[in-house]
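Asks: Okay, here's the structure, questions in a sec.
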Amino acid sequence: PQAIHLDAYRKPDYRIESLALAFDLEPEATRVKSRLQIAYDGSPSDLSEAALPPLWLDGDDLKLLSVCVDGTPLDETEYRQDATGLSLDVTSPGFLLEIETEINPKANTRLEGLYISSGTFCTQCEAEGFRRITFFPDRPDVMTVYEVTLRADKALYPVLLSNGNLVESGDLPDGRHWTRWEDPFPKPSYLFAVVAGDLACVEDSFTTASGREVALRIFVEHGNEGRCAYGMDSLKRSMRWDEERFGLEYDLDLFNIVAVSDFNMGAMENKSLNVFNSKCVLADPDTATDADYASIEGIVAHEYFHNWTGNRVTCRDWFQLSLKEGLTVFRDQEFSADMRSAAVKRIQDVRSLRARQFPEDGGPTAHPVRPASYIEINNFYTATVYDKGAEVIRMMQGLLGREGFRKGMDLYFERHDGQAVTCDDFAAAMSDATGVDLNQFKLWYSQAGTPGVTVTGEYDAAARSFELTLSQTIPDTPGQSGKRPMHIPLDFALLDPDGQPMPLKLACEEAAPTSRVLELRAARQTFRFENLDHEPAVSINRGFSAPVNLSIEHTPATRAVLMGRDGDSFNRWETGQQYATGLLLEAVEAGGEGRQTPEALIDALRETLLDEAQDPAFRALALTLPGEAFLADQMKTVDVDAIHIAREKMRGDIARALRDELLETYRGMQSNAPFEPTADAAGKRALKNLALGYLTASGKAEMWDLAVVQSRNSDNMTDRMAALALLTDRQGPERDDCLQAFYQRYRDEPLVVDKWLALEAMSVLPGTLERVKGLLKHEAFTLTNPNKVRALIGVFAAGNPLRFHQADGSGYQFLADRIVELDRINPQTAARLIAPLGRWSRFDGARQALMRQALETILSAENLSPDVYELTSKSLT
Ligand code: DPP
Ligand code: ZN
């Protein structure tokens with residue numbers, strides 16, 4: 001397969017002035033007629049007829065039935081067709097092209113283009129699915145207006161939807177009916193959507209700031225109507241929030257969401273017709289956890305926010321994917337922060353960045369936020385493009401200030417509404433609106449790798465001054481070495497022993513603010529602060545203002561100040577995590593058990609656990625030890641067994657030392673009120689379940705009874721799952737009884753069955769791989785449903801380091817075989833399973849060999865998709 005390069009971008013030769021599509025929907029033979037009004041888009045000077053370039057139309061897996069230009073059928077000498085599309089000779093600068101194709105949605109197991117999920121026709125066109133529906137210049141810089149006619153059997157498919165406004169509908173002979181949709185906003189083909197099925201509809205409405213009445217509809221399979229309320233409420237809150245924060249209003253009279261059970265991603269922002277993985281929109285207390293509710297709120301907002309950042313202003317080419325994704329993730333993070341606790345949200349986002357993006361940035365598939373080349377664009381819907389991309393936007397807001405950032409956003413829309421643009425265009429709007437120079441900053445788009453920043457400080461008591469030295473290094477990544485220093489904004493304060501911010505007066509300045517953003521731009525920089533009466537504690541990268549690996553040493557005294565009293569709650573959490581990480585890594589070095597957990601840590605945890613002034617959700621996070629994967633990332637050579645032993649040992653120490661306080665907390669956080677998915681109630685559940693986790697680790701058998709009772713008697717999925725997750729790791733009859741009872745209770749709820757599969761896949765018990773293999777044959781499992789694949793195979797490989805990395809390599813081989821098997825069904829989902837094998841260089845020699853062997857197994861399979869080929873071959877180098 002061939003790589004595509006950003007440098008090779010050329011603007012399209014032809015404009016599509018309008019597109020009319022007509023679908024005759026049949027599961028195995030859907031006919032698609034398209035009428036394209038086409039105009040040459042070159043400069044008038046090269047407009048001689050002989051010089052008109054051929055028109056290229058992408059096409060994949062299409063049966064071509066006919067092609068007509070201005071009403072005349074083309075004969076076969078006038079076009080050339082291959083497996084990737086159609087090239088037409090052009091004789092006139094403006095013409096009407098009519099194409100008829102046939103496709104087989106039922107056979108479409110890749111879930112790209114038009115396919116069928118539980119009897120419902122639906123589409124997924126991002127990034128390049130539209131070419132699997134009809135021949136078209138399937139690239140985001142070709143924007144046009146769509147008119148779509150849908151015809152289908154009325155009894156089987158009473159609901160017929162597409163983008164924009166419904167303009168006409170009617171009945172046809174033979175029990176069929178039709179609808180016609182017009183979308184007034186020009187859009188790229190990846191935002192096209194069609195849905196046809198027998199679906200229930202939940203309806204609401206929203207009045208925009210300027211008085212537009214918008215009908216809001218969520219379409220679901222019959223029986224799921226009761227699970228739409230939270231998604232609908234999230235949608236309305238998103239619409240209001242975008243008006244208030246960014247002055248952005250919705251622009252049509254209708255906004256539809258459709259939930260489908262087979263979906264490669266979380267959801268898709270098609271213009272006015274969002275299609276969602278049912279997991280990302282359906283919720284009720286009996287089947288969804290607090291984490292599910294929070295994720296639904298964020299994803300509904302994310303897709304809605306794309307209406308402006310993605311749809312109204314879109315990407316020129318797929319290298320610019322982060323233009324819409326990084327920005328929209330930033331927007332959904334800000335929304336969730338406003339809806340819930342901002343501090344807790346920030347910590348969760350940083351945890352997820354460290355769990356998903358940092359390893360990617362340090363591994364064989366590392367790429368910049370704006371990649372320079374790709375073989376398969378589907379492989380670039382990554383944590384780097386999304387989450388590091390969001391951090392880049394957040395840093396811009398840090399440098400420009402909130403008001404400056406808003407001015408930049410306003411200018412961006414003023415300049416580019418209706419256009420397909422680049423990350424440079426975005427940065428230019430930010431810079432032009434504020435006068436801030438972002439030239440060096442833009443290296444964040446082109447240089448991959450997580451910068452390392454080292455902080456050292458020296459206090460001079462006699463001079464009452466403090467000298468802070470910052471230095472940065474950007475690691476080499478595949479294809480990139482010898483990088484330039486980045487522009488890194490670090491939020492900063494110096495704290496006195498009471499945790500109060502001290503004045504920050506630089507030697508050359510009069511002003512002495514108590515917090516400031518230090519802009520690190522050189523490889524090494526020194527700042528000298530004056531008039532300081534005590535040795536300060538350094539609180540830097542507050543709120544995780546830059547996505548870097550920070551290295552800073554604290555004395556026991558400054559650590560205690562930061563952990564206990566820093567006004568920046570992110571750094572309070574971070575300092576505790578760093579402390580625990582250091583201790584755990586020491587223990588790992590010593591083979592796992594290490595020494596007794598120091599009183600200083602226990603005391604700090606006790607103080608946090610009992611501190612009622614702090615949000616329970618924050619307390620739960622502060623008491624959660626760094627995860628095994630995070631610890632592994634801090635090691636040169638990963639030792640999964642020692643990490644597991646060390647972490648369990650520390651959990652046991654904490655549990656025994658704080659048992660009374662934990663039991664008190666467990667009881668204190670119980671509530672008799674009916675379940676509510678609010679942040680407050682969720683925080684109490686999180687702290688309660690954290691306490692339960694420690695209690696079961698305390699070595700007292702009766703604590704397990706609490707978990708058994710909770711798993712059986714709770715009125716909500718959050719508490720039930722929390723207890724079950726603990727039980728899953730414990731050999732014994734209760735484990736099997738509780739899991740069995742759970743499955744029997746929910747066997748008809750696919751989203752809950754996914755949770756059950758994931759519980760089994762995550763278990764630390766020795767027989768886990770065998771159980772996972774057995775579950776492949778279970779009635780509940782199928783390789784054709786991406787949610788099932790991710791729940792069982794994905795969770796085992798990415799979420800169970802202890803068992804995936806078992807020394808005989810059986811976990812690796814298992815994964816390789818599944819990837820090859822799934823590649824024939826759904827390459828995109830198969831490719832997303834590869835990453836854990838790509839981390840081979842971090843393990844010992846024996847495991848390295850076994851992991852590489854598994855990658856070789858994949859690479860030697862016949863007819864590998866470009867998706868799996870690209871990531872596997874990159875992982876081997
Ligand atoms: N564009 C979708 C999203 O991120 C996924 N392809 O929302
Ligand atoms: Zn998105």
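Residues in the structure tokens are named by chain (A, B, ... in the order shown) and by number from 1 within that chain; ligands are numbered from 1 in the order shown.
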10 Å from ligand 1 is the threshold here; counting only C-alpha atoms and all ligand atoms, which polymer residues fall inside it? Answer as number ranges by chain.
Replies: A: 124-127, 190-191, 264-270, 274-276, 299-306, 310, 321-322, 324-326, 328-329, 378, 381-382, 386
Asks: Quick one: write out the picked residues with C-alpha atoms as a PDB file, in the first residue's frame?
Replies:
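Output contents, as saved in again-v3.pdb:
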ATOM      1  CA  GLN A 124     -20.742   5.893   8.361  1.00  0.00           C
ATOM      2  CA  CYS A 125     -18.903   8.069   5.860  1.00  0.00           C
ATOM      3  CA  GLU A 126     -16.024   9.504   7.850  1.00  0.00           C
ATOM      4  CA  ALA A 127     -13.358   9.325   6.728  1.00  0.00           C
ATOM      5  CA  TYR A 190     -17.942  12.526   5.062  1.00  0.00           C
ATOM      6  CA  LEU A 191     -20.861  14.333   6.776  1.00  0.00           C
ATOM      7  CA  ASN A 264     -16.917   1.442  14.655  1.00  0.00           C
ATOM      8  CA  MET A 265     -16.548   4.608  16.685  1.00  0.00           C
ATOM      9  CA  GLY A 266     -18.347   6.380  19.496  1.00  0.00           C
ATOM     10  CA  ALA A 267     -20.542   8.622  17.384  1.00  0.00           C
ATOM     11  CA  MET A 268     -20.603  10.687  14.223  1.00  0.00           C
ATOM     12  CA  GLU A 269     -21.439  14.329  13.702  1.00  0.00           C
ATOM     13  CA  ASN A 270     -23.234  14.086  10.318  1.00  0.00           C
ATOM     14  CA  ASN A 274     -25.824  12.352  14.293  1.00  0.00           C
ATOM     15  CA  VAL A 275     -25.424   8.595  14.372  1.00  0.00           C
ATOM     16  CA  PHE A 276     -24.387   7.190  17.734  1.00  0.00           C
ATOM     17  CA  ILE A 299     -19.984  12.678  23.557  1.00  0.00           C
ATOM     18  CA  VAL A 300     -23.418  14.176  22.892  1.00  0.00           C
ATOM     19  CA  ALA A 301     -21.824  17.574  23.436  1.00  0.00           C
ATOM     20  CA  HIS A 302     -18.824  16.687  21.286  1.00  0.00           C
ATOM     21  CA  GLU A 303     -20.926  15.697  18.286  1.00  0.00           C
ATOM     22  CA  TYR A 304     -23.186  18.703  18.713  1.00  0.00           C
ATOM     23  CA  PHE A 305     -20.211  21.067  18.965  1.00  0.00           C
ATOM     24  CA  HIS A 306     -18.891  19.687  15.684  1.00  0.00           C
ATOM     25  CA  GLY A 310     -16.034  20.531  11.851  1.00  0.00           C
ATOM     26  CA  LEU A 321      -8.112  16.110  11.310  1.00  0.00           C
ATOM     27  CA  SER A 322      -7.088  17.690  14.605  1.00  0.00           C
ATOM     28  CA  LYS A 324     -11.860  19.719  14.108  1.00  0.00           C
ATOM     29  CA  GLU A 325     -11.132  16.926  16.593  1.00  0.00           C
ATOM     30  CA  GLY A 326      -8.611  18.575  18.898  1.00  0.00           C
ATOM     31  CA  THR A 328     -13.975  19.820  19.564  1.00  0.00           C
ATOM     32  CA  VAL A 329     -12.493  17.631  22.294  1.00  0.00           C
ATOM     33  CA  ASN A 378      -8.700   5.416   9.694  1.00  0.00           C
ATOM     34  CA  TYR A 381      -8.285   8.748  14.742  1.00  0.00           C
ATOM     35  CA  THR A 382      -5.852   8.576  17.599  1.00  0.00           C
ATOM     36  CA  TYR A 386      -7.853  13.991  19.533  1.00  0.00           C
TER      37      TYR A 386
END
Asks: One decimal, Å: what's the distance from CA of Gln440 (chain A) over to CA of Ala522 (chain A), could you say?
Replies: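 A separation of 10.3 Å between them.
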Asks: Would you list the contacts of Asn672 (chain A) as a ChimeraX atom specification, taking every protein, DNA or RNA residue within 12 Å and counting only C-alpha atoms, but skipping same-chain residues closer than 3 positions in sequence?
Replies: /A:667-669,675-676,681,685,714-716
Asks: Out of A:Pro54, A:Met239, A:Asp566, A:Ala797, which residue has the shortest atom-to-atom distance to Thr91 (chain A) when counting only C-alpha atoms?
Replies: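 Comparing A:Pro54, A:Met239, A:Asp566, A:Ala797 against Thr91 (chain A), the winner is A:Pro54.
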Asks: So that I can check the secondary structure, give me every residue of region 413-575 of chain A assigned strand (DSSP E) by backbone DSSP, as a PyMOL selection string.
Replies: chain A and resi 420-421+452-460+465-473+488-495+505-506+516-520+524-530+537-540+549-552
Asks: Taking 4 positions as the minimum chain separation for residues in the same chain, which residues sit within 12 Å of Pro184 (chain A) when counting only C-alpha atoms? Answer as a list of chain:residue names.
Replies: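 In the requested format, the answer is A:Ser18, A:Leu19, A:Met143, A:Thr144, A:Val145, A:Tyr146, A:Glu147, A:Val148, A:Asn163, A:Gly164, A:Asn165, A:Leu166, A:Val167, A:Asp251, A:Leu252, A:Asp253, A:Lys271, A:Ser272, A:Arg312, A:Gly418.
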Asks: What is the distance between CA of Ala679 (chain A) and CA of Val260 (chain A), in Å to one decimal?
Replies: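 Taking CA of Ala679 (chain A) and CA of Val260 (chain A), their separation equals 27.1 Å.
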Asks: Given the choices A:Asp568, A:Asp361, A:Asp332, A:Asp533, which gets closest to ligand 2 if the distance is worked out from only C-alpha atoms and all ligand atoms?
Replies: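 Of the candidates, the smallest distance to ligand 2 is held by A:Asp332.
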Asks: Compare A:Val436, A:Leu550, A:Ala20, A:Leu273 by their minimum atom-to-atom distance to Arg180 (chain A), counting only C-alpha atoms, and give me the closest one.
Replies: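 Closest candidate: A:Ala20.
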Asks: From the set A:Tyr9, A:Phe570, A:Phe330, A:Trp178, which residue has the shortest atom-to-atom contact distance to ligand 2, counting only C-alpha atoms and all ligand atoms?
Replies: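 Nearest to ligand 2: A:Phe330.
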Asks: May I have all residues of region 412-596 of chain A that DSSP, computed from the backbone, assigns to alpha helix (DSSP H), given as a ChimeraX atom specification?
Replies: /A:412-416,423-434,443-446,556-565,569-589
Asks: May I have the residues from that selection written out with C-alpha atoms, as a PDB file, in the first residue's frame?
Replies:
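Output saved as out_37.pdb:
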ATOM      1  CA  TYR A 412     -11.887  32.011  12.779  1.00  0.00           C
ATOM      2  CA  PHE A 413     -15.626  31.729  12.067  1.00  0.00           C
ATOM      3  CA  GLU A 414     -15.801  35.162  10.487  1.00  0.00           C
ATOM      4  CA  ARG A 415     -13.044  34.236   8.067  1.00  0.00           C
ATOM      5  CA  HIS A 416     -13.744  30.604   7.358  1.00  0.00           C
ATOM      6  CA  CYS A 423      -4.537  24.039  11.320  1.00  0.00           C
ATOM      7  CA  ASP A 424      -2.398  26.971  10.134  1.00  0.00           C
ATOM      8  CA  ASP A 425      -5.560  28.920   9.326  1.00  0.00           C
ATOM      9  CA  PHE A 426      -6.788  28.305  12.856  1.00  0.00           C
ATOM     10  CA  ALA A 427      -3.527  29.430  14.435  1.00  0.00           C
ATOM     11  CA  ALA A 428      -3.479  32.495  12.156  1.00  0.00           C
ATOM     12  CA  ALA A 429      -6.932  33.532  13.366  1.00  0.00           C
ATOM     13  CA  MET A 430      -5.803  33.145  16.995  1.00  0.00           C
ATOM     14  CA  SER A 431      -2.663  35.119  16.372  1.00  0.00           C
ATOM     15  CA  ASP A 432      -4.258  37.857  14.243  1.00  0.00           C
ATOM     16  CA  ALA A 433      -7.054  38.405  16.749  1.00  0.00           C
ATOM     17  CA  THR A 434      -4.658  38.933  19.631  1.00  0.00           C
ATOM     18  CA  LEU A 443       5.764  23.138  16.480  1.00  0.00           C
ATOM     19  CA  TRP A 444       3.194  21.389  18.659  1.00  0.00           C
ATOM     20  CA  TYR A 445       1.416  20.498  15.408  1.00  0.00           C
ATOM     21  CA  SER A 446       4.458  19.128  13.609  1.00  0.00           C
ATOM     22  CA  PRO A 556       9.417  16.029  52.376  1.00  0.00           C
ATOM     23  CA  ALA A 557       8.437  19.496  53.604  1.00  0.00           C
ATOM     24  CA  THR A 558       7.600  21.020  50.218  1.00  0.00           C
ATOM     25  CA  ARG A 559       5.838  17.821  49.178  1.00  0.00           C
ATOM     26  CA  ALA A 560       3.640  18.050  52.255  1.00  0.00           C
ATOM     27  CA  VAL A 561       2.750  21.660  51.375  1.00  0.00           C
ATOM     28  CA  LEU A 562       1.869  20.765  47.786  1.00  0.00           C
ATOM     29  CA  MET A 563      -0.064  17.611  48.655  1.00  0.00           C
ATOM     30  CA  GLY A 564      -2.014  19.128  51.468  1.00  0.00           C
ATOM     31  CA  ARG A 565      -2.405  22.806  50.727  1.00  0.00           C
ATOM     32  CA  SER A 569      -6.216  20.876  43.098  1.00  0.00           C
ATOM     33  CA  PHE A 570      -4.626  19.286  40.077  1.00  0.00           C
ATOM     34  CA  ASN A 571      -1.199  19.724  41.618  1.00  0.00           C
ATOM     35  CA  ARG A 572      -2.445  18.515  44.991  1.00  0.00           C
ATOM     36  CA  TRP A 573      -3.482  15.313  43.285  1.00  0.00           C
ATOM     37  CA  GLU A 574      -0.386  15.187  41.111  1.00  0.00           C
ATOM     38  CA  THR A 575       2.057  15.532  43.982  1.00  0.00           C
ATOM     39  CA  GLY A 576       0.422  12.637  45.812  1.00  0.00           C
ATOM     40  CA  GLN A 577       0.528  10.512  42.678  1.00  0.00           C
ATOM     41  CA  GLN A 578       4.194  11.304  42.139  1.00  0.00           C
ATOM     42  CA  TYR A 579       4.996  10.400  45.684  1.00  0.00           C
ATOM     43  CA  ALA A 580       3.213   7.058  45.440  1.00  0.00           C
ATOM     44  CA  THR A 581       4.760   6.414  42.032  1.00  0.00           C
ATOM     45  CA  GLY A 582       8.272   6.917  43.392  1.00  0.00           C
ATOM     46  CA  LEU A 583       7.620   4.533  46.256  1.00  0.00           C
ATOM     47  CA  LEU A 584       6.040   1.914  44.018  1.00  0.00           C
ATOM     48  CA  LEU A 585       8.892   2.028  41.530  1.00  0.00           C
ATOM     49  CA  GLU A 586      11.348   1.558  44.380  1.00  0.00           C
ATOM     50  CA  ALA A 587       9.421  -1.507  45.456  1.00  0.00           C
ATOM     51  CA  VAL A 588       9.345  -2.837  41.917  1.00  0.00           C
ATOM     52  CA  GLU A 589      13.115  -2.479  41.748  1.00  0.00           C
TER      53      GLU A 589
END
Asks: For Gly683 (chain A), please output as a ChimeraX atom specification all residues within 10 Å (counting only C-alpha atoms; exclusion window: fewer than 6 positions along the same chain).
Replies: /A:290,341,344,615-621,669,677,689
Asks: Quick one: distance from CA of Leu724 (chain A) to CA of Leu759 (chain A) in Å, one decimal?
Replies: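 It comes out at 7.8 Å.
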